[in-house]
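Before any comments, here is the structure.
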Amino acid sequence: MSNQPVDRRGFLKSAAVTGAAAVVGAAAPLEAQQATARAAVDAPAGAPVARRESDPSPDLEPVTTDAPGGDFMVDVLKSLQIEYVAANPGSSFRGIHESIITYGGNKAPEFLTCCHEESSIAMAHGYAKVEGKPMGVLVHGTVGLQHAAMAIYNAYCDRVPVYVMAGNTLDATMRRPGVEWAHSVQDAAALVRDFTKWDDLPWSLPHFAESAVRAYKIAMTPPMMPVLLVLDGGLQEDPVTPEIKQRLRIPRLTLTAPPQGESGAVAEAARLLTSATNPVIIADRAARTAQGMKLLVELAETLQAPVVDQGGRMNFPSQHPLNHSDSARQLVANADVILGLELTDFWGTVDAFRDSLVRTSRSVIKPGTKLISVSAGDLYTKSNYQDFQRYPEVDIAMAADAEATLPSLIEAAKRLLTDDRRRTLQDRGKKLAESRSASRDRIRADAAYAWDASPISTARLSAELWAQIKSEDWSLVAESGNVSGWPMRLWNFDQHHQFLGGSGGAGVGYGAPAAVGAALANKKRGRFSVTIQGDGDFMYAPGVWWTAAHHQIPLLAVMHNNRAYHQEVMHLQRMAGRHERGIARAGIGTTLTNPNIDYAKIAQGMGVYAEGPITNPNDLGPAFKRAIAVVKRGEPALVDVVTQPR
Amino acid sequence: MTRFFIFIAAVACAGSAMAGQNAPASQNAASQVPAGNAANGRKLFATIGCYQCHGYEAQGSTATGPRLAPRPLPFPALSRYVRRPAGQMPPYTAKVLSDMELADIYAFLQSAPAPPATPALLK
């Protein structure tokens with residue numbers, strides 16, 4: 001052997017042949033003859049004939065290396081400024097795991113210990129919506145990716161970048177017998193290819209570097225989505241050979257500028273909007289950043305047009321005089337022009353669908369209403385999973401990022417407005433402001449119903465929570481379950497980081513881990529993170545509370561504990577009514593009672609401060625105060641509240 | 001998100017049907033209200049699933065179903081809607097919910113107290 005570093009596989013292969021020959025020659029002449037005979041029959045003429053594998057001499061086997069491929073992979077992740085890698089540990093990525101925590105100093109990226117791959121991905125999902133860039137996630141290529149799949153689907157539907165890396169052992173002759181075979185796969189990415197934007201299987205470290213940078217760039221280009229790199233175990237663990245070392249470089253990352261709407265389409269949209277009598281702006285995943293929210297306010301104020309925020313992102317201040325989200329139905333019905341910005345479902349926005357024995361639908365807009373869509377979703381649509389919704393018949397469709405398009409749309413609209421037209425629009429704005437003021441009074445009056453009820457009303461829960469957090473720099477990082485939109489109706493959301501939208505794919509189990517991931521991103525900004533935590537969601541992968549405690553992630557979780565998968569209770573009730581039977585049986589298979597789950601005990605068992613279950617609404621304020629004090633010390637805390645269903 | 005929209009639509013449909021819910025019942029309508037047992041009505045409201053969309057106190061939800069109490073719709077209108085809803089609400093035919101049981105539920109809705117004057121937290 002030379003003193004040069006060698007490829008472990010190359011070494012093992014050559015050593016195996018040599019060793020096998022030596023052993024065969026010395027101890028098993030008959031077997032060697034039989035093997036030779038078989039080889040003579042099976043091998044093509046002229047093909048090299050290898051003997052059976054056997055261990056090389058231990059004296060010849062290198063047992064250490066100070067330059068595994070995983071170290072270079074960490075160099076690449078550092079160049080991409082990946083802050084964290086979330087993972088449930090797995091042997092298929094043990095090489096890069098060790099490189100992260102030791103070679104990389106366990107800092108940028110820092111390894112986050114997770115108890116389930118679904119938690120890892122959803123944490124990255126929540127983190128990206130605060131941080132504006134992806135978190136890394138490591139999973140086994142087989143069992144881990146299967147656990148991760150639903151959360152990846154949520155992020156895909158929610159147009160959120162997640163940087164997934166899956167360990168795998170490609171060379172079958174290098175796999176450990178047993179488990180490693182069960183944990184290896186020909187095409188790992190196939191499992192999630194329908195709902196990831198791009199994947200690759202790097203064949204060398206230079207290939208990894210290029211694909212790692214490319215994956216980041218693709219994930220961050222609207223529509224943003226998860227990407228996947230499959231990391232071969234040998235590539236992570238084997239020494240970097242001199243030949244490869246000479247070829248190692250990390251390509252420069254240049255993020256793609258988000259696509260803007262075509263200038264002619266923008267001009268026509270501006271013309272329609274400025275001349276409309278009853279224009280409506282509807283936003284779903286429109287504001288990717290705080291700037292997007294400011295731009296949407298500028299557009300609405302320029303047009304003095306009402307805005308309906310569908311809540312995919314924090315698009316528009318909740319108490320703004322032009323925020324008319326509570327009147328969406330009437331506004332859509334009366335509109336002559338509707339501007340839809342990154343809508344998940346434009347068809348569902350302008351059509352009504354009745355889920356009855358005979359399913360029916362009808363348009364809810366006036367004939368001739370002009371529909372304008374700006375959506376990056378038009379740039380990238382896949383076939384198998386049907387999250388693209390019904391086909392909307394719009395008048396202008398811009399395949400573009402809404403936030404990037406807003407500046408030119410605002411400019412075009414301002415150019416078209418005469419002084420007379422501006423005065424007309426100001427009059428419309430005054431009426432809208434009056435209407436909004438009346439609407440706020442109605443909302444406060446509505447919230448008083450069932451004020452003292454037990455189970456506690458979701459309005460009371462929201463009002464009590466708001467009273468305790470409103471003086472903080474707060475961020476509602478998730479809202480799983482359904483509290484009838486009370487926070488958005490009662491609280492003053494006026495900063496982009498105060499709301500992050502939902503799961504995307506409505507896959508239950510997003511809420512808790514996404515909240516933890518988002519709270520991690522908020523931590524360094526000194527923000528106070530709060531989540532309204534559904535009970536059904538809590539039970540999917542509750543180990544994430546241990547992760548929050550272990551990594552000291554400050555987060556106030558307030559349970560919306562209605563003791564049911566309540567959406568499904570209602571679906572069962574619908575079936576019972578439709579079938580005229582068993583109307584008192586909808587709780588079977590849909591409720592979480594008998595026994596009632598003690599969420600505080602579960603959280604306490606994982607090192608999280610917790611109180612509850614609270615059933616008296618008068619106990620909420622003091623409980624929130626105690627929990628907030630814990631969160632301000634830098635720890636997670638949970639208050640379990642038994643609530644009305646919605 | 002899809003499910004969310006479906007139930008928003010449900011509210012809108014049900015809401016339009018219940019638009020008169022806070023109007024005082026006319027004398028004529030009042031005379032058509034059968035005598036019901038409010039205590040049994042409260043129990044039924046929970047066991048047969050009314051609470052699922054309207055809340056245990058019939059306070060309603062923007063996400064699922066409108067407020068039904070206090071001051072419910074006139075009984076004939078409510079009864080018609082329950083038997084053959086126009087929106088997303090599941091039908092409760094006489095086969096599964098008797099007229100007497102519906103009267104008990106109505107008595108419960110009528111008995112619901114008015115909300116407190118605007119609580120301090122909401123001001």
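Chains: A, B, ... in order of the structure tokens. Residues: from 1 per chain. Ligands: from 1, in order shown.
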
Dump as a PDB file with C-alpha atoms, in the first residue's frame the residues of chain A that approach chain B to within 6 Å, counting only C-alpha atoms.
```
ATOM      1  CA  ARG A 444     -66.739  42.718  19.489  1.00  0.00           C
ATOM      2  CA  ALA A 448     -69.375  38.360  23.983  1.00  0.00           C
ATOM      3  CA  TYR A 449     -71.724  35.446  23.269  1.00  0.00           C
ATOM      4  CA  SER A 484     -63.209  30.691  14.100  1.00  0.00           C
ATOM      5  CA  ARG A 574     -73.133  15.182   7.606  1.00  0.00           C
ATOM      6  CA  GLY A 577     -77.991  13.320   8.521  1.00  0.00           C
ATOM      7  CA  GLU A 580     -81.119   9.454   8.152  1.00  0.00           C
ATOM      8  CA  ILE A 583     -77.273  11.133  14.367  1.00  0.00           C
ATOM      9  CA  ALA A 584     -75.893  10.697  17.891  1.00  0.00           C
TER      10      ALA A 584
END
```

Quiz item: Mind checking DSSP for segment 95-336 of chain A and telling me the strand (DSSP E or B) residues as a count of residues only?
Solution: 34

Quiz prompt | Picked from segment 17-108 of chain B by DSSP as alpha helix (DSSP H), as a ChimeraX atom specification | solution = /B:17,27-31,38-47,50-54,75-83,99-108

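The space between atom CA of Arg460 of chain A and atom CA of Trp486 of chain A spans 9.0 Å.
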